[in-house]
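Chemist: Starting off with a structure, shown below.
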Amino acid sequence: MFDTALTTADFVFLAKGAGMTIVVTIISVIAGTILGIVFGVIRYQLGAIWAAPLIFVLDIFRSIPLLIQLVLANAFLGTILRLNMSGFTVACIVLSMYTAAYCAEIVRGGIEAVPVTTRRAARSLGMSWGQDMREIVLPLATRVALPSWIGLALGVMKDSALVYVVQVTELLRSTQILITRLQEPLLLLMICGAFYFVISFPLARFGGYLEKRWSND
Amino acid sequence: MIEIEHVRKSFGQLEVLKGIDLTVSKGEVVTIIGGSGSGKSTLLTCINGLEPIDSGRILIDGTEVHAKSTDLNKLRRKVGIVFQQWNAFPHLTVLENVTLAPRKVLGMSRAQAEEIAVRQLTHVGLGDKLKTYPGRLSGGQQQRMAIARALAMSPEYMLFDEVTSALDPQLVGEVLDTLKMLAQEGMTMILVTHEMAFARDVSDRVAFFHQGVMAEIGPPQQIFGDPQHPETRKFLSSTRQ
């Protein structure tokens with residue numbers, strides 16, 4: 001129980017933390033991206049003036065440090081609304097909104113990068129707004145937005161380390177627990193960093209692969 | 001038949017169309033010439049409803065383009081347009097560029113759409129470029145692809161908005177030849193162009209636009225041989241230099 005050397009069980013413990021990091025990240029990035037696309041399209045369609053309330057809310061999520069958002073959201077949802085949510089749920093909600101706020105701007109930028117003349121050509125062929133969005137804007141905007149989106153997803157993965165404040169034991173928190181017991185901070189942080197790298201690397205490579213593939217056309 | 005009646009259109013303070021009247025019958029080829037800013041390109045984008053108009057009306061086979069009840073997406077199947085900038089869909093191959101609208105808008109099967117696309121692309125001389133991405137084509141080839149793309153919808157009318165203006169001089173000929181071919185096949189066309197020899201060659205009627213007004217319209221022999229309006233004379237002599 002009070003082993004002072006690194007055991008297999010400790011690795012399993014870290015791997016579980018890494019698993020939590022991955023789960024929180026995947027949920028938040030997927031939910032945040034879907035919301036971000038919705039917000040981004042609304043933002044683009046309405047223009048800066050009509051979308052002002054939305055922009056304001058998204059700005060809040062982008063400008064307040066995530067740590068504060070987590071603590072405040074936890075207090076608000078749990079103590080004031082008495083929703084009795086788990087820390088995990090709160091973490092996913094806050095991280096999703098945080099992701100959506102950044103993603104909305106990426107989406108808007110992607111849509112704006114599609115030339116109006118190309119869209120006109122699509123509409124002139126009898127395609128509806130929705131068909132133009134799906135067949136022309138979405139694929140072209142995705143190519144433009146992908147590098148920023150990959151960066152966002154990697155950022156969210158690392159920022160998810162902060163969800164320990166709502167009692168979610170993810171990778172960094174697991175590492176800290178082990179550090180407290182083993183008193184080997186440098187070694188453990190190196191292992192922890194290696195875990196993060198292993199999680200990030202495939203995503204970064206996948207982005208690079210897509211970029212290369214799409215550059216052919 | 002395309003009927004344009006007293007059409008007025010402003011961009012902010014600037015009135016670009018000051019009451020245009022023009023009727024184009026089935027099978028007719030009408031070219032519009034005139035200086036830049038004379039409103040000729042704006043008129044084309046109004047005809048297929050890409051731009052709203054301020055007053056007057058435009059009828060295509062009796063359907064009012066700018067009426068609220070008009071289904072523009074449906075109407076546009078009848079009226080193809082090709083722009084100065086060819087506007088290829090860069091993420092699709094040449095074949096996919098042409099099959100997209102027939103599949104999505106007309107609901108054709110892939111095989112059906114491809115059959116039509118191959119025919120149209122062969123027609124404009126791109127039968128060997130089906131799997132190529134537009135980025136690898138020359139400007140002239142991309143413009144011919146845009147023409148095939150519009151033709152694949154089997155439109156009854158075609159509008160051409162300065163389709164050779166953005167091309168290198170040596171590529172202009174191939175596009176003009178394609179247009180000539182269409183004219184000879186009996187396609188109803190309205191063309192905005194700066195190619196005077198071409199206009200003289202293919203047109204049934206030539207319209208001269210000046211500052212938002214159609215100053216003069218008539219058979220090419222008259223417009224180029226014996227222009228009546230002083231501005232037409234001035235414009236033609238300046239293009240001859």
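So you can find residues: chains in the structure tokens are A, B, ... in the order shown, residues in each start at 1, and ligands are numbered from 1 in order.
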Identify, on the basis of only C-alpha atoms, every residue whose closest approach to region 229-240 of chain B does not exceed 7 Å; exclude the query and any residue fewer than 3 positions from it along the same chain; express the result as a PyMOL selection string.
Modeler: chain B and resi 208+215-216
Chemist: Pick out the residues sitting within 7 Å of Arg76 (chain B), and hand them over as a list in words; count only C-alpha atoms, and ignore anything fewer than 6 positions along from it in its own chain.
Modeler: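 Listed by chain and then number, they are Ser124, Leu125 and Gly126 of chain A; Asn48 of chain B.
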Chemist: Would you list the contacts of region 143-159 of chain A as a PyMOL selection string, taking every protein, DNA or RNA residue within 9 Å and counting only C-alpha atoms, but skipping same-chain residues closer than 5 positions in sequence?
Modeler: chain A and resi 21-22+24-26+28-29+33+66+95+98-99+102-103+106-107+109-111+113-114+138+196+199-200+203-204+207-208+210-211+214-215
Chemist: Under the rule of at most 9 Å, produce a per-residue listing of chain A near chain B: chain, number, name, the closest pair of atoms, and the distance in Å, as JSON lines, using only C-alpha atoms.
Modeler:
```
{"residue": "A:Pro115", "atom": "CA", "partner": "B:Asn87", "partner_atom": "CA", "distance": 8.7}
{"residue": "A:Thr117", "atom": "CA", "partner": "B:Asn87", "partner_atom": "CA", "distance": 6.4}
{"residue": "A:Thr118", "atom": "CA", "partner": "B:Asn87", "partner_atom": "CA", "distance": 4.9}
{"residue": "A:Arg119", "atom": "CA", "partner": "B:Asn87", "partner_atom": "CA", "distance": 8.4}
{"residue": "A:Arg120", "atom": "CA", "partner": "B:Leu50", "partner_atom": "CA", "distance": 7.6}
{"residue": "A:Ala121", "atom": "CA", "partner": "B:Asn87", "partner_atom": "CA", "distance": 6.4}
{"residue": "A:Ala122", "atom": "CA", "partner": "B:Ala101", "partner_atom": "CA", "distance": 7.9}
{"residue": "A:Arg123", "atom": "CA", "partner": "B:Asn73", "partner_atom": "CA", "distance": 7.5}
{"residue": "A:Ser124", "atom": "CA", "partner": "B:Arg76", "partner_atom": "CA", "distance": 6.1}
{"residue": "A:Leu125", "atom": "CA", "partner": "B:Arg76", "partner_atom": "CA", "distance": 6.3}
{"residue": "A:Gly126", "atom": "CA", "partner": "B:Asn73", "partner_atom": "CA", "distance": 4.3}
{"residue": "A:Met127", "atom": "CA", "partner": "B:Val105", "partner_atom": "CA", "distance": 6.0}
{"residue": "A:Ser128", "atom": "CA", "partner": "B:Asn73", "partner_atom": "CA", "distance": 6.2}
{"residue": "A:Gln131", "atom": "CA", "partner": "B:Lys104", "partner_atom": "CA", "distance": 7.6}
{"residue": "A:Glu135", "atom": "CA", "partner": "B:Leu100", "partner_atom": "CA", "distance": 8.4}
{"residue": "A:Ile136", "atom": "CA", "partner": "B:Phe89", "partner_atom": "CA", "distance": 7.1}
{"residue": "A:Pro139", "atom": "CA", "partner": "B:His91", "partner_atom": "CA", "distance": 7.4}
{"residue": "A:Leu140", "atom": "CA", "partner": "B:His91", "partner_atom": "CA", "distance": 6.9}
{"residue": "A:Trp214", "atom": "CA", "partner": "B:His91", "partner_atom": "CA", "distance": 8.0}
{"residue": "A:Asn216", "atom": "CA", "partner": "B:Tyr133", "partner_atom": "CA", "distance": 8.3}
{"residue": "A:Asp217", "atom": "CA", "partner": "B:Tyr133", "partner_atom": "CA", "distance": 5.5}
```
Chemist: Output C-alpha atoms for every residue in that selection, as a compact mmCIF listing (two decimals), in the first residue's frame.
Modeler:
```txt
# COMPACT_ATOMS: atom_id res chain seq x y z
CA PRO A 115 -15.28 33.06 -52.33
CA THR A 117 -18.38 34.12 -56.52
CA THR A 118 -17.99 30.35 -56.09
CA ARG A 119 -21.15 30.26 -54.00
CA ARG A 120 -22.96 32.37 -56.58
CA ALA A 121 -21.99 29.85 -59.23
CA ALA A 122 -23.52 27.09 -57.10
CA ARG A 123 -26.73 29.05 -56.56
CA SER A 124 -26.92 29.94 -60.25
CA LEU A 125 -27.04 26.20 -61.02
CA GLY A 126 -30.27 26.01 -59.04
CA MET A 127 -28.72 24.73 -55.81
CA SER A 128 -30.52 25.80 -52.64
CA GLN A 131 -27.12 22.43 -50.88
CA GLU A 135 -21.69 20.61 -51.11
CA ILE A 136 -19.53 23.71 -51.55
CA PRO A 139 -15.86 21.00 -47.80
CA LEU A 140 -14.00 24.18 -48.76
CA TRP A 214 -6.49 17.78 -49.79
CA ASN A 216 -3.76 17.54 -54.31
CA ASP A 217 -6.81 19.32 -55.61
```
Chemist: Just the residues within 9 Å of Asp54 (chain B), please, counting only C-alpha atoms, with nothing from its chain fewer than 5 positions along; format it as a ChimeraX atom specification.
Modeler: /B:7-10
Chemist: Mind checking DSSP for region 71-163 of chain B and telling me the strand (DSSP E or B) residues as a PyMOL selection string?
Modeler: chain B and resi 79-82+157-161
Chemist: Could you save the residues just selected, with N, CA and C atoms, as a CSV table (one decimal), in the first residue's frame?
Modeler:
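What follows is the written file result-v2.csv:
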```csv
chain,number,residue,atom,x,y,z
B,79,VAL,N,-32.2,28.7,-66.7
B,79,VAL,CA,-31.3,29.8,-67.1
B,79,VAL,C,-29.9,29.6,-66.6
B,80,GLY,N,-29.0,29.2,-67.5
B,80,GLY,CA,-27.7,29.0,-67.1
B,80,GLY,C,-26.9,30.3,-67.2
B,81,ILE,N,-25.9,30.4,-66.3
B,81,ILE,CA,-25.1,31.6,-66.4
B,81,ILE,C,-23.6,31.3,-66.2
B,82,VAL,N,-22.8,31.9,-67.0
B,82,VAL,CA,-21.3,31.7,-66.9
B,82,VAL,C,-20.7,33.1,-66.6
B,157,TYR,N,-32.0,28.8,-71.6
B,157,TYR,CA,-31.4,30.1,-71.9
B,157,TYR,C,-30.0,30.1,-71.3
B,158,MET,N,-29.1,30.8,-72.0
B,158,MET,CA,-27.7,30.9,-71.4
B,158,MET,C,-27.3,32.4,-71.4
B,159,LEU,N,-26.8,32.7,-70.2
B,159,LEU,CA,-26.3,34.1,-70.0
B,159,LEU,C,-24.7,34.0,-69.9
B,160,PHE,N,-24.0,34.8,-70.6
B,160,PHE,CA,-22.6,34.8,-70.6
B,160,PHE,C,-22.1,36.2,-70.2
B,161,ASP,N,-21.4,36.3,-69.0
B,161,ASP,CA,-21.0,37.6,-68.5
B,161,ASP,C,-19.5,37.8,-68.7
```
Chemist: Just the residues within 9 Å of Thr193 (chain B), please, counting only C-alpha atoms, with nothing from its chain fewer than 4 positions along; format it as a PyMOL selection string.
Modeler: chain B and resi 31-34+160-165+198-199
Chemist: Based on the selection just made, write C-alpha atoms of those residues as a PDB file, in the first residue's frame.
Modeler:
```pdb
ATOM      1  CA  THR B  31     -24.963  40.550 -77.311  1.00  0.00           C
ATOM      2  CA  ILE B  32     -24.634  43.534 -75.039  1.00  0.00           C
ATOM      3  CA  ILE B  33     -21.709  45.868 -75.526  1.00  0.00           C
ATOM      4  CA  GLY B  34     -20.769  49.060 -73.739  1.00  0.00           C
ATOM      5  CA  PHE B 160     -22.577  34.826 -70.554  1.00  0.00           C
ATOM      6  CA  ASP B 161     -21.006  37.609 -68.519  1.00  0.00           C
ATOM      7  CA  GLU B 162     -17.720  38.706 -70.126  1.00  0.00           C
ATOM      8  CA  VAL B 163     -16.568  35.118 -70.156  1.00  0.00           C
ATOM      9  CA  THR B 164     -13.332  35.866 -71.980  1.00  0.00           C
ATOM     10  CA  SER B 165     -12.303  39.019 -70.094  1.00  0.00           C
ATOM     11  CA  PHE B 198     -17.212  38.022 -82.174  1.00  0.00           C
ATOM     12  CA  ALA B 199     -20.355  40.047 -81.414  1.00  0.00           C
TER      13      ALA B 199
END
```
Chemist: Find the distance between CA of Glu174 (chain B) and CA of Val124 (chain B) and write it in Å to one decimal.
Modeler: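 Taking CA of Glu174 (chain B) and CA of Val124 (chain B), their separation equals 9.1 Å.
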Chemist: Please measure the separation of CA of Val168 (chain A) and CA of Ser86 (chain A), giving the value in Å to one decimal.
Modeler: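 Here the two named atoms are 9.0 Å from each other.
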Chemist: Just give me the gap between CA of Pro202 (chain A) and CA of Met20 (chain A) in Å, one decimal is fine.
Modeler: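 Distance reported for this atom pair: 17.5 Å.
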Chemist: Within 8 Å of region 37-40 of chain B, counting only C-alpha atoms, which residues show up once you throw out same-chain ones fewer than 3 positions away? Write them as a PyMOL selection string, please.
Modeler: chain B and resi 16-17+32-34+43-44+192+209-213
Chemist: Going by DSSP on the backbone, which bits of region 14-188 of chain A are alpha helix (DSSP H)? Write them as number ranges by chain, please.
Modeler: A: 14-50, 52-63, 66-74, 87-113, 116-124, 129-132, 138-159, 171-182, 185-188
Chemist: Contacts of Cys192 (chain A) at 9 Å or less, counting only C-alpha atoms, minus same-chain residues fewer than 2 places along, as number ranges by chain?
Modeler: A: 14, 18, 171-172, 174-175, 187-190, 194-197
Chemist: B:Val29, B:Val24, B:Val65, B:Ala111: which is nearest Lys180 (chain B), counting only C-alpha atoms?
Modeler: B:Val29
